[in-house]
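For reference, entry.cif (mmCIF, C-alpha atoms):
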```
data_my_file
loop_
_atom_site.label_atom_id
_atom_site.label_comp_id
_atom_site.auth_asym_id
_atom_site.auth_seq_id
_atom_site.Cartn_x
_atom_site.Cartn_y
_atom_site.Cartn_z
CA MET A 225 108.75 67.15 -176.83
CA GLU A 226 105.48 65.77 -175.54
CA LYS A 227 105.75 62.17 -174.38
CA GLY A 228 104.36 59.76 -176.94
CA VAL A 229 104.63 62.14 -179.92
CA PRO A 230 106.48 60.41 -182.76
CA ILE A 231 109.47 61.78 -184.67
CA ARG A 232 107.83 62.52 -188.00
CA ALA A 233 110.94 62.03 -190.11
CA ILE A 234 111.44 58.51 -188.75
CA SER A 235 107.76 57.69 -189.25
CA ARG A 236 107.94 58.81 -192.87
CA GLY A 237 111.15 56.89 -193.50
CA LEU A 238 109.70 53.68 -192.12
CA LYS A 239 106.50 54.15 -194.09
CA MET A 240 108.43 54.64 -197.33
CA LEU A 241 110.62 51.60 -196.69
CA GLN A 242 107.50 49.54 -196.00
CA ALA A 243 105.84 50.77 -199.21
CA ILE A 244 108.90 49.95 -201.31
CA ASN A 245 109.24 46.54 -199.70
CA GLU A 246 105.58 45.65 -200.28
CA ALA A 247 105.58 46.84 -203.91
CA GLY A 248 108.96 45.36 -204.82
CA SER A 249 110.00 48.65 -206.45
CA LEU A 250 108.57 52.15 -206.74
CA THR A 251 109.19 55.31 -208.70
CA MET A 252 109.98 58.41 -206.68
CA MET A 253 106.55 59.83 -207.50
CA ASN A 254 104.74 56.71 -206.30
CA ALA A 255 106.87 56.64 -203.17
CA ALA A 256 105.88 60.24 -202.44
CA ARG A 257 102.22 59.32 -202.88
CA ALA A 258 102.55 56.25 -200.65
CA VAL A 259 103.97 58.34 -197.81
CA GLY A 260 101.82 61.40 -198.51
CA VAL A 261 104.69 63.86 -198.75
CA PRO A 262 105.83 66.40 -201.38
CA TYR A 263 108.21 65.17 -204.05
CA PRO A 264 111.28 67.03 -202.63
CA THR A 265 110.64 65.51 -199.20
CA ALA A 266 110.34 62.03 -200.75
CA CYS A 267 113.70 62.57 -202.47
CA ARG A 268 115.39 63.36 -199.16
CA ILE A 269 113.85 60.33 -197.47
CA MET A 270 114.87 58.07 -200.37
CA GLN A 271 118.43 59.43 -200.34
CA THR A 272 118.63 58.62 -196.62
CA LEU A 273 117.40 55.06 -197.17
CA MET A 274 119.94 54.64 -199.97
CA TYR A 275 122.73 56.08 -197.83
CA GLU A 276 121.91 53.58 -195.07
CA GLY A 277 121.89 50.74 -197.60
CA PHE A 278 118.25 49.68 -197.34
CA VAL A 279 117.24 50.88 -200.83
CA GLU A 280 118.96 51.01 -204.22
CA MET A 281 118.06 52.32 -207.67
CA GLU A 282 117.36 49.69 -210.30
CA PRO A 283 119.79 49.63 -213.23
CA ASN A 284 118.57 51.40 -216.38
CA ARG A 285 115.36 52.77 -214.90
CA LYS A 286 114.35 55.22 -212.21
CA ARG A 287 112.75 52.83 -209.79
CA TYR A 288 113.84 52.09 -206.25
CA ARG A 289 113.93 48.63 -204.69
CA PRO A 290 114.83 47.20 -201.28
CA THR A 291 118.20 45.59 -200.72
CA ALA A 292 118.98 42.41 -198.81
CA LEU A 293 119.72 44.60 -195.79
CA VAL A 294 115.98 44.85 -195.07
CA HIS A 295 116.13 41.26 -193.82
CA THR A 296 118.19 42.44 -190.86
CA LEU A 297 115.17 44.37 -189.59
CA ALA A 298 113.39 41.08 -188.88
CA SER A 299 116.38 39.01 -187.78
CA GLY A 300 115.36 39.12 -184.12
CA TYR A 301 111.74 38.13 -184.63
CA HIS A 302 110.97 34.66 -185.93
CA PHE A 303 107.64 33.75 -184.36
CA GLU A 304 105.52 34.62 -187.41
CA ASN A 305 107.50 32.19 -189.57
CA THR A 306 106.99 29.45 -186.99
CA LEU A 307 103.30 30.29 -186.85
CA VAL A 308 102.89 30.09 -190.64
CA VAL A 309 104.74 26.78 -190.91
CA ALA A 310 102.64 25.27 -188.13
CA ALA A 311 99.36 26.62 -189.46
CA ARG A 312 99.69 26.12 -193.22
CA PRO A 313 98.58 22.46 -193.54
CA HIS A 314 95.63 23.10 -191.24
CA LEU A 315 94.56 26.18 -193.21
CA VAL A 316 94.67 24.15 -196.41
CA GLN A 317 92.65 21.33 -194.88
CA LEU A 318 90.05 23.72 -193.47
CA THR A 319 89.58 25.43 -196.84
CA ARG A 320 89.11 22.05 -198.51
CA GLU A 321 86.46 21.30 -195.92
CA VAL A 322 84.50 24.57 -195.96
CA LEU A 323 85.52 25.89 -199.42
CA TRP A 324 85.75 29.48 -198.15
CA PRO A 325 89.17 31.14 -197.76
CA VAL A 326 90.72 31.33 -194.31
CA SER A 327 93.65 33.29 -192.92
CA ILE A 328 95.75 33.85 -189.83
CA ALA A 329 96.52 37.38 -188.66
CA THR A 330 98.43 39.17 -185.92
CA ARG A 331 98.48 42.79 -184.80
CA VAL A 332 101.10 45.34 -185.75
CA GLY A 333 100.35 48.80 -184.39
CA LEU A 334 96.74 49.64 -185.19
CA LYS A 335 96.55 47.14 -188.05
CA MET A 336 95.82 43.45 -188.35
CA VAL A 337 98.46 41.91 -190.60
CA VAL A 338 97.74 38.81 -192.71
CA ARG A 339 100.42 36.19 -192.05
CA ASP A 340 99.03 33.53 -194.37
CA SER A 341 95.82 32.85 -196.25
CA THR A 342 94.20 30.37 -198.64
CA HIS A 343 92.45 32.88 -200.90
CA SER A 344 94.41 31.60 -203.90
CA MET A 345 93.10 28.07 -203.29
CA THR A 346 89.42 28.80 -203.90
CA SER A 347 87.24 30.61 -206.38
CA LEU A 348 84.98 31.74 -203.53
CA THR A 349 86.76 35.03 -203.05
CA PHE A 350 86.68 38.50 -204.57
CA GLN A 351 90.39 39.16 -204.01
CA ASN A 352 93.59 37.49 -202.89
CA TYR A 353 95.21 38.42 -199.61
CA TYR A 354 98.95 37.99 -199.27
CA PRO A 355 101.30 37.92 -196.28
CA GLY A 356 101.84 41.51 -195.18
CA ASP A 357 98.44 42.80 -196.29
CA THR A 358 96.86 44.92 -193.59
CA LEU A 359 93.36 45.76 -192.41
CA PRO A 360 92.20 48.26 -189.78
CA LEU A 361 92.18 46.83 -186.28
CA PHE A 362 88.80 48.25 -185.32
CA SER A 363 86.72 47.10 -188.30
CA THR A 364 87.55 43.42 -188.57
CA ALA A 365 86.46 40.31 -186.74
CA SER A 366 90.13 39.47 -186.18
CA GLY A 367 90.73 42.87 -184.58
CA LYS A 368 87.82 42.36 -182.22
CA VAL A 369 89.18 38.95 -181.21
CA HIS A 370 92.65 40.35 -180.70
CA PHE A 371 91.35 43.17 -178.51
CA ALA A 372 89.31 40.75 -176.41
CA PHE A 373 91.97 38.07 -175.90
CA CYS A 374 95.24 40.01 -175.65
CA ASP A 375 96.64 40.77 -172.21
CA ASP A 376 95.88 43.92 -170.22
CA VAL A 377 99.17 45.65 -171.02
CA GLU A 378 98.69 45.23 -174.76
CA ARG A 379 95.05 46.30 -174.57
CA GLU A 380 96.08 49.50 -172.80
CA SER A 381 98.73 50.07 -175.47
CA ILE A 382 96.07 49.74 -178.17
CA MET A 383 93.89 52.29 -176.39
CA LYS A 384 96.78 54.74 -176.06
CA GLY A 385 97.62 54.30 -179.72
CA LEU A 386 94.06 55.01 -180.77
CA LYS A 387 93.88 58.11 -178.61
CA THR A 388 97.19 59.37 -180.00
CA PHE A 389 96.89 58.45 -183.67
CA GLY A 390 93.25 57.58 -184.26
CA ALA A 391 91.46 60.63 -182.96
CA SER A 392 90.21 61.46 -186.45
CA ASP A 393 88.34 58.17 -186.55
CA GLU A 394 85.58 58.45 -184.00
CA ARG A 395 84.25 54.97 -184.81
CA ALA A 396 87.55 53.42 -183.80
CA LEU A 397 87.64 55.26 -180.50
CA ALA A 398 83.97 54.55 -179.88
CA TYR A 399 84.40 50.83 -180.40
CA PHE A 400 87.47 50.33 -178.25
CA SER A 401 86.71 52.82 -175.48
CA GLY A 402 82.96 52.30 -175.22
CA THR A 403 82.41 48.61 -175.78
CA ILE A 404 84.32 46.80 -173.04
CA GLU A 405 81.15 44.83 -172.48
CA GLN A 406 81.31 43.68 -176.11
CA ALA A 407 84.90 42.61 -175.56
CA LYS A 408 83.75 40.60 -172.55
CA SER A 409 81.11 39.02 -174.77
CA VAL A 410 83.70 38.09 -177.38
CA ARG A 411 85.83 36.53 -174.65
CA LYS A 412 82.87 34.57 -173.32
CA LEU A 413 81.67 33.42 -176.75
CA GLY A 414 85.15 32.62 -177.98
CA TYR A 415 84.69 34.29 -181.36
CA ALA A 416 83.85 37.56 -183.12
CA THR A 417 82.08 38.50 -186.32
CA HIS A 418 82.07 41.46 -188.67
CA GLY A 419 79.40 41.86 -191.31
CA ARG A 420 79.96 43.45 -194.72
CA ASN A 421 83.62 44.36 -194.40
CA LYS A 422 84.24 47.88 -195.69
CA HIS A 423 88.02 48.05 -195.92
CA THR A 424 88.49 45.68 -198.86
CA GLU A 425 88.70 45.99 -202.63
CA THR A 426 85.01 45.06 -202.71
CA PRO A 427 83.49 47.03 -199.81
CA GLY A 428 80.44 45.46 -198.21
CA LYS A 429 80.53 42.21 -200.17
CA THR A 430 82.21 39.96 -197.62
CA SER A 431 81.74 39.14 -193.95
CA SER A 432 84.14 37.47 -191.55
CA LEU A 433 84.24 35.15 -188.57
CA SER A 434 87.27 34.95 -186.29
CA VAL A 435 88.50 32.83 -183.38
CA PRO A 436 91.66 33.04 -181.25
CA ILE A 437 94.59 30.66 -181.48
CA MET A 438 95.62 30.01 -177.89
CA ILE A 439 98.50 28.15 -176.27
CA GLY A 440 96.99 27.43 -172.89
CA ASP A 441 95.94 30.84 -171.59
CA HIS A 442 98.27 32.67 -173.95
CA PHE A 443 96.82 34.44 -176.98
CA VAL A 444 98.86 33.86 -180.16
CA ALA A 445 96.97 34.98 -183.28
CA THR A 446 93.58 34.97 -184.94
CA LEU A 447 92.14 32.42 -187.35
CA ASN A 448 89.63 33.93 -189.74
CA LEU A 449 87.08 32.76 -192.29
CA ILE A 450 85.82 35.13 -195.00
CA PHE A 451 82.61 34.49 -196.94
CA PHE A 452 80.29 36.30 -199.34
CA ALA A 453 77.85 38.38 -197.32
CA SER A 454 75.11 37.58 -199.81
CA ALA A 455 75.65 33.84 -199.47
CA MET A 456 74.24 33.47 -195.95
CA PRO A 457 73.33 35.46 -192.84
CA MET A 458 75.95 35.68 -190.13
CA GLU A 459 73.98 33.42 -187.80
CA LYS A 460 74.07 30.64 -190.39
CA ALA A 461 77.80 31.07 -190.91
CA VAL A 462 78.42 30.81 -187.18
CA GLU A 463 76.26 27.70 -186.96
CA ARG A 464 77.94 26.06 -189.92
CA TYR A 465 81.62 27.00 -189.54
CA LEU A 466 82.42 28.05 -185.97
CA GLN A 467 83.21 24.59 -184.64
CA SER A 468 85.49 23.82 -187.58
CA LEU A 469 87.33 27.09 -186.98
CA LYS A 470 87.75 26.34 -183.28
CA ASP A 471 88.94 22.81 -184.00
CA THR A 472 91.51 24.08 -186.48
CA ALA A 473 92.72 26.76 -184.06
CA GLY A 474 93.21 24.01 -181.48
CA GLN A 475 95.18 21.88 -183.93
CA ILE A 476 97.48 24.79 -184.80
CA ALA A 477 97.99 25.56 -181.11
CA ALA A 478 98.90 21.93 -180.42
CA VAL A 479 101.64 22.04 -183.07
CA LEU A 480 102.99 25.33 -181.70
CA GLU A 481 102.96 24.04 -178.14
CA GLU A 482 105.25 21.16 -179.13
CA ASP A 483 107.81 23.45 -180.76
CA PRO A 484 110.83 23.67 -178.42
CA ASN A 485 111.84 27.02 -179.93
CA ILE A 486 108.73 28.81 -178.70
CA ASP A 487 108.94 30.45 -175.28
CA ILE A 488 105.34 31.28 -174.49
CA THR A 489 106.32 32.97 -171.23
CA ALA A 490 108.20 35.77 -172.99
CA PRO A 491 106.29 37.28 -175.93
CA LEU A 492 102.87 36.01 -174.90
CA ALA A 493 101.67 37.49 -171.63
CA PRO A 494 98.93 35.65 -169.70
CA LEU A 495 95.37 36.89 -169.85
CA GLU A 496 93.87 38.70 -166.91
CA ALA A 497 90.30 37.51 -167.21
CA GLU A 498 88.94 39.41 -164.28
CA SER A 499 90.24 42.77 -165.40
CA LEU A 500 88.61 42.86 -168.83
#
```

Since I need it in another form, could you write the structure as structure tokens?
Amino acid sequence: MEKGVPIRAISRGLKMLQAINEAGSLTMMNAARAVGVPYPTACRIMQTLMYEGFVEMEPNRKRYRPTALVHTLASGYHFENTLVVAARPHLVQLTREVLWPVSIATRVGLKMVVRDSTHSMTSLTFQNYYPGDTLPLFSTASGKVHFAFCDDVERESIMKGLKTFGASDERALAYFSGTIEQAKSVRKLGYATHGRNKHTETPGKTSSLSVPIMIGDHFVATLNLIFFASAMPMEKAVERYLQSLKDTAGQIAAVLEEDPNIDITAPLAPLEAESL
């Protein structure tokens, strides 16, 4: 088998488990649609997940739900919980100050995953974002920040992932393979923007501004502010909110740095500024 080519059955099984976990429960038909497989294939995947104990059928109705065993899949990774606990009061305070919703996000694969947000705190939003919601890496301000501030090894991994799995999306490849100079600019400026976000429930109606959360020279996550695109031009948003975002990112980093359970030398590799 060619190096780097995934085992399709495992990919489908993980995707179905993720879909069931996010929805709370799914019918077999909806599970098949979520994974993009024929109904008979979905049945075999579901039977495997049930056999392994990760999924069970709900009593009295034909819906499938995750079991407590899914928690074991995250038992070795606790940093996101620490990040959310440290960031939450500062996210709340920032939203009270600027009124717009803010969020923190980290990368998983080729997606930016929302870890926490304050969309439910304000009426200045078109939709609520919840922990676990994902957005494409290449078309978000947070993705641009992540690409600019992550270490060289991770950046190369992102590029390989795009070349392997994102070949059908030429815009993604064009951004990450042809705009190293833009990444340098993001690094120098200390923030990134994305106007009229497309991959939302209200395409084109919001824009975003993102800054990195750093512990020293170690990149941790992104802090993001989302506002109505019609409310102000991007330049005005940067002028009005950038410093507050940076200050809040610094406050979150300070809390994380004091946590004795965080080993920043292990999961967070140092930046190689000269190589970007």

Surrounding residues of region 302-316 of chain A excluding itself and chain neighbours under 4 positions, 7 Å, all atoms listed in the file, as a tab-separated table (two decimals) with C-alpha atoms, in the coordinates of the input:
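Contents of selection07.tsv, freshly written:
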```
chain	number	residue	atom	x	y	z
A	320	ARG	CA	89.11	22.05	-198.51
A	326	VAL	CA	90.72	31.33	-194.31
A	339	ARG	CA	100.42	36.19	-192.05
A	340	ASP	CA	99.03	33.53	-194.37
A	342	THR	CA	94.20	30.37	-198.64
A	472	THR	CA	91.51	24.08	-186.48
A	476	ILE	CA	97.48	24.79	-184.80
A	479	VAL	CA	101.64	22.04	-183.07
A	480	LEU	CA	102.99	25.33	-181.70
```

Apply the PyMOL selection byres ((chain A and resi 355) around 10) to the structure shown and report the selected residues as number ranges by chain. A: 246, 308, 327-329, 337-341, 353-354, 356-358

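Evaluated against the shown file, the PyMOL selection byres ((chain A and resi 238) around 12) gives A:Pro230, A:Ile231, A:Arg232, A:Ala233, A:Ile234, A:Ser235, A:Arg236, A:Gly237, A:Lys239, A:Met240, A:Leu241, A:Gln242, A:Ala243, A:Ile244, A:Asn245, A:Ala255, A:Ala258, A:Val259, A:Ile269, A:Met270, A:Thr272, A:Leu273, A:Phe278, A:Val279, A:Val294, A:Leu297.
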
Answer as a list of chain:residue names, residues within 10 Å of (78.5, 45.9, -194.3) using only C-alpha atoms: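 All residues meeting the 10 Å criterion around (78.5, 45.9, -194.3) are A:His418, A:Gly419, A:Arg420, A:Asn421, A:Lys422, A:His423, A:Pro427, A:Gly428, A:Lys429, A:Thr430, A:Ser431, A:Ala453.
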
Proximity to Leu348 (chain A) - best of A:Pro325, A:Glu380, A:Gln317, A:Leu361, only C-alpha atoms: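 The answer is A:Pro325, which sits nearest to Leu348 (chain A).
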
Restricting to all atoms listed in the file, whichever of A:Trp324, A:Gly367, A:Leu359, A:Ala445 is closest to Thr346 (chain A) is A:Trp324

Give me, please, the distance in Å between CA of Ser366 (chain A) and CA of Ala455 (chain A), quoted to one decimal.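 Distance reported for this atom pair: 20.4 Å.
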
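In this comparison, which uses all atoms listed in the file, the residue of A:Ser381, A:Met252, A:Ser468, A:Pro457 approaching Met281 (chain A) most closely is A:Met252.
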
Report as a PDB file with C-alpha atoms, keeping the file's coordinate frame all protein, DNA and RNA residues lying within 12 Å of Met438 (chain A), evaluated on only C-alpha atoms, omitting residues in the same chain fewer than 2 positions from it.
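Output below, filename out-v2.pdb:
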```pdb
ATOM      1  CA  LEU A 307     103.300  30.290-186.850  1.00  0.00           C
ATOM      2  CA  VAL A 369      89.180  38.950-181.210  1.00  0.00           C
ATOM      3  CA  HIS A 370      92.650  40.350-180.700  1.00  0.00           C
ATOM      4  CA  PHE A 373      91.970  38.070-175.900  1.00  0.00           C
ATOM      5  CA  CYS A 374      95.240  40.010-175.650  1.00  0.00           C
ATOM      6  CA  GLY A 414      85.150  32.620-177.980  1.00  0.00           C
ATOM      7  CA  VAL A 435      88.500  32.830-183.380  1.00  0.00           C
ATOM      8  CA  PRO A 436      91.660  33.040-181.250  1.00  0.00           C
ATOM      9  CA  GLY A 440      96.990  27.430-172.890  1.00  0.00           C
ATOM     10  CA  ASP A 441      95.940  30.840-171.590  1.00  0.00           C
ATOM     11  CA  HIS A 442      98.270  32.670-173.950  1.00  0.00           C
ATOM     12  CA  PHE A 443      96.820  34.440-176.980  1.00  0.00           C
ATOM     13  CA  VAL A 444      98.860  33.860-180.160  1.00  0.00           C
ATOM     14  CA  ALA A 445      96.970  34.980-183.280  1.00  0.00           C
ATOM     15  CA  THR A 446      93.580  34.970-184.940  1.00  0.00           C
ATOM     16  CA  LEU A 447      92.140  32.420-187.350  1.00  0.00           C
ATOM     17  CA  LYS A 470      87.750  26.340-183.280  1.00  0.00           C
ATOM     18  CA  ASP A 471      88.940  22.810-184.000  1.00  0.00           C
ATOM     19  CA  THR A 472      91.510  24.080-186.480  1.00  0.00           C
ATOM     20  CA  ALA A 473      92.720  26.760-184.060  1.00  0.00           C
ATOM     21  CA  GLY A 474      93.210  24.010-181.480  1.00  0.00           C
ATOM     22  CA  GLN A 475      95.180  21.880-183.930  1.00  0.00           C
ATOM     23  CA  ILE A 476      97.480  24.790-184.800  1.00  0.00           C
ATOM     24  CA  ALA A 477      97.990  25.560-181.110  1.00  0.00           C
ATOM     25  CA  ALA A 478      98.900  21.930-180.420  1.00  0.00           C
ATOM     26  CA  VAL A 479     101.640  22.040-183.070  1.00  0.00           C
ATOM     27  CA  LEU A 480     102.990  25.330-181.700  1.00  0.00           C
ATOM     28  CA  GLU A 481     102.960  24.040-178.140  1.00  0.00           C
ATOM     29  CA  ILE A 488     105.340  31.280-174.490  1.00  0.00           C
ATOM     30  CA  LEU A 492     102.870  36.010-174.900  1.00  0.00           C
ATOM     31  CA  ALA A 493     101.670  37.490-171.630  1.00  0.00           C
ATOM     32  CA  PRO A 494      98.930  35.650-169.700  1.00  0.00           C
ATOM     33  CA  LEU A 495      95.370  36.890-169.850  1.00  0.00           C
TER      34      LEU A 495
END
```

Atomic separation - CA of Gly277 (chain A) relative to CA of Leu293 (chain A), Å: 6.8 Å

Counting only C-alpha atoms, figure out which residue out of A:Asn284, A:Ser363, A:Arg411, A:Leu449 gets nearest to Asp375 (chain A). A:Arg411

Measure the distance from CA of Leu433 (chain A) to CA of Thr417 (chain A) in Å and round it to one decimal.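 Atom-to-atom, CA of Leu433 (chain A) to CA of Thr417 (chain A), that is 4.6 Å.
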
Between A:Leu323, A:Tyr275, A:Thr291, A:Lys286, which is the closest to Phe452 (chain A) once you count all atoms listed in the file? A:Leu323

Find, counting only C-alpha atoms, the residue in A:Ala256, A:Ala292, A:Ile382, A:Ile439 that gets nearest to Asp483 (chain A).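 Closest to Asp483 (chain A) of all the choices is A:Ile439.
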
Complete the atom set of region 459-469 of chain A to all heavy atoms and return it as a PDB file, in the coordinates of the input.
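Contents of the output file result10.pdb:
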```
ATOM      1  N   GLU A 459      74.373  34.480-188.728  1.00  0.00           N
ATOM      2  CA  GLU A 459      73.980  33.420-187.800  1.00  0.00           C
ATOM      3  C   GLU A 459      74.187  32.042-188.415  1.00  0.00           C
ATOM      4  O   GLU A 459      74.623  31.096-187.748  1.00  0.00           O
ATOM      5  CB  GLU A 459      72.505  33.585-187.402  1.00  0.00           C
ATOM      6  CG  GLU A 459      72.208  34.834-186.592  1.00  0.00           C
ATOM      7  CD  GLU A 459      72.120  36.085-187.460  1.00  0.00           C
ATOM      8  OE1 GLU A 459      72.147  35.954-188.712  1.00  0.00           O
ATOM      9  OE2 GLU A 459      72.025  37.188-186.888  1.00  0.00           O
ATOM     10  N   LYS A 460      73.894  31.917-189.703  1.00  0.00           N
ATOM     11  CA  LYS A 460      74.070  30.640-190.390  1.00  0.00           C
ATOM     12  C   LYS A 460      75.548  30.300-190.521  1.00  0.00           C
ATOM     13  O   LYS A 460      75.950  29.139-190.365  1.00  0.00           O
ATOM     14  CB  LYS A 460      73.428  30.712-191.776  1.00  0.00           C
ATOM     15  CG  LYS A 460      73.399  29.372-192.497  1.00  0.00           C
ATOM     16  CD  LYS A 460      72.475  28.399-191.812  1.00  0.00           C
ATOM     17  CE  LYS A 460      72.347  27.115-192.611  1.00  0.00           C
ATOM     18  NZ  LYS A 460      71.460  26.126-191.945  1.00  0.00           N
ATOM     19  N   ALA A 461      76.361  31.297-190.798  1.00  0.00           N
ATOM     20  CA  ALA A 461      77.800  31.070-190.910  1.00  0.00           C
ATOM     21  C   ALA A 461      78.386  30.594-189.589  1.00  0.00           C
ATOM     22  O   ALA A 461      79.216  29.678-189.556  1.00  0.00           O
ATOM     23  CB  ALA A 461      78.493  32.344-191.373  1.00  0.00           C
ATOM     24  N   VAL A 462      77.947  31.221-188.503  1.00  0.00           N
ATOM     25  CA  VAL A 462      78.420  30.810-187.180  1.00  0.00           C
ATOM     26  C   VAL A 462      78.013  29.369-186.899  1.00  0.00           C
ATOM     27  O   VAL A 462      78.825  28.548-186.437  1.00  0.00           O
ATOM     28  CB  VAL A 462      77.884  31.751-186.091  1.00  0.00           C
ATOM     29  CG1 VAL A 462      78.184  31.197-184.696  1.00  0.00           C
ATOM     30  CG2 VAL A 462      78.477  33.145-186.251  1.00  0.00           C
ATOM     31  N   GLU A 463      76.762  29.053-187.187  1.00  0.00           N
ATOM     32  CA  GLU A 463      76.260  27.700-186.960  1.00  0.00           C
ATOM     33  C   GLU A 463      77.020  26.662-187.775  1.00  0.00           C
ATOM     34  O   GLU A 463      77.326  25.566-187.299  1.00  0.00           O
ATOM     35  CB  GLU A 463      74.768  27.648-187.312  1.00  0.00           C
ATOM     36  CG  GLU A 463      74.143  26.268-187.188  1.00  0.00           C
ATOM     37  CD  GLU A 463      72.700  26.253-187.666  1.00  0.00           C
ATOM     38  OE1 GLU A 463      72.092  27.336-187.789  1.00  0.00           O
ATOM     39  OE2 GLU A 463      72.186  25.151-187.941  1.00  0.00           O
ATOM     40  N   ARG A 464      77.352  27.030-188.993  1.00  0.00           N
ATOM     41  CA  ARG A 464      77.940  26.060-189.920  1.00  0.00           C
ATOM     42  C   ARG A 464      79.444  25.914-189.763  1.00  0.00           C
ATOM     43  O   ARG A 464      79.990  24.815-189.917  1.00  0.00           O
ATOM     44  CB  ARG A 464      77.603  26.475-191.353  1.00  0.00           C
ATOM     45  CG  ARG A 464      78.064  25.496-192.424  1.00  0.00           C
ATOM     46  CD  ARG A 464      77.564  25.911-193.790  1.00  0.00           C
ATOM     47  NE  ARG A 464      76.107  25.873-193.884  1.00  0.00           N
ATOM     48  CZ  ARG A 464      75.414  26.207-194.973  1.00  0.00           C
ATOM     49  NH1 ARG A 464      76.063  26.616-196.060  1.00  0.00           N
ATOM     50  NH2 ARG A 464      74.095  26.128-194.977  1.00  0.00           N
ATOM     51  N   TYR A 465      80.164  27.026-189.442  1.00  0.00           N
ATOM     52  CA  TYR A 465      81.620  27.000-189.540  1.00  0.00           C
ATOM     53  C   TYR A 465      82.374  27.226-188.232  1.00  0.00           C
ATOM     54  O   TYR A 465      83.581  26.979-188.175  1.00  0.00           O
ATOM     55  CB  TYR A 465      82.086  28.060-190.542  1.00  0.00           C
ATOM     56  CG  TYR A 465      81.479  27.896-191.909  1.00  0.00           C
ATOM     57  CD1 TYR A 465      80.725  28.927-192.482  1.00  0.00           C
ATOM     58  CD2 TYR A 465      81.644  26.725-192.634  1.00  0.00           C
ATOM     59  CE1 TYR A 465      80.162  28.787-193.736  1.00  0.00           C
ATOM     60  CE2 TYR A 465      81.084  26.566-193.886  1.00  0.00           C
ATOM     61  CZ  TYR A 465      80.337  27.603-194.445  1.00  0.00           C
ATOM     62  OH  TYR A 465      79.773  27.462-195.679  1.00  0.00           O
ATOM     63  N   LEU A 466      81.698  27.691-187.191  1.00  0.00           N
ATOM     64  CA  LEU A 466      82.420  28.050-185.970  1.00  0.00           C
ATOM     65  C   LEU A 466      83.185  26.877-185.373  1.00  0.00           C
ATOM     66  O   LEU A 466      84.360  27.007-185.021  1.00  0.00           O
ATOM     67  CB  LEU A 466      81.452  28.627-184.933  1.00  0.00           C
ATOM     68  CG  LEU A 466      82.084  28.997-183.585  1.00  0.00           C
ATOM     69  CD1 LEU A 466      83.190  30.030-183.765  1.00  0.00           C
ATOM     70  CD2 LEU A 466      81.018  29.514-182.614  1.00  0.00           C
ATOM     71  N   GLN A 467      82.544  25.719-185.273  1.00  0.00           N
ATOM     72  CA  GLN A 467      83.210  24.590-184.640  1.00  0.00           C
ATOM     73  C   GLN A 467      84.431  24.144-185.428  1.00  0.00           C
ATOM     74  O   GLN A 467      85.467  23.801-184.849  1.00  0.00           O
ATOM     75  CB  GLN A 467      82.234  23.417-184.471  1.00  0.00           C
ATOM     76  CG  GLN A 467      82.782  22.305-183.564  1.00  0.00           C
ATOM     77  CD  GLN A 467      83.165  22.832-182.189  1.00  0.00           C
ATOM     78  OE1 GLN A 467      82.366  23.471-181.513  1.00  0.00           O
ATOM     79  NE2 GLN A 467      84.399  22.580-181.768  1.00  0.00           N
ATOM     80  N   SER A 468      84.333  24.185-186.756  1.00  0.00           N
ATOM     81  CA  SER A 468      85.490  23.820-187.580  1.00  0.00           C
ATOM     82  C   SER A 468      86.638  24.803-187.371  1.00  0.00           C
ATOM     83  O   SER A 468      87.812  24.413-187.327  1.00  0.00           O
ATOM     84  CB  SER A 468      85.094  23.796-189.060  1.00  0.00           C
ATOM     85  OG  SER A 468      84.183  22.748-189.317  1.00  0.00           O
ATOM     86  N   LEU A 469      86.302  26.083-187.248  1.00  0.00           N
ATOM     87  CA  LEU A 469      87.330  27.090-186.980  1.00  0.00           C
ATOM     88  C   LEU A 469      88.002  26.841-185.628  1.00  0.00           C
ATOM     89  O   LEU A 469      89.230  26.881-185.512  1.00  0.00           O
ATOM     90  CB  LEU A 469      86.708  28.484-186.991  1.00  0.00           C
ATOM     91  CG  LEU A 469      86.693  29.275-188.296  1.00  0.00           C
ATOM     92  CD1 LEU A 469      86.018  30.621-188.067  1.00  0.00           C
ATOM     93  CD2 LEU A 469      88.083  29.474-188.856  1.00  0.00           C
TER      94      LEU A 469
END
```
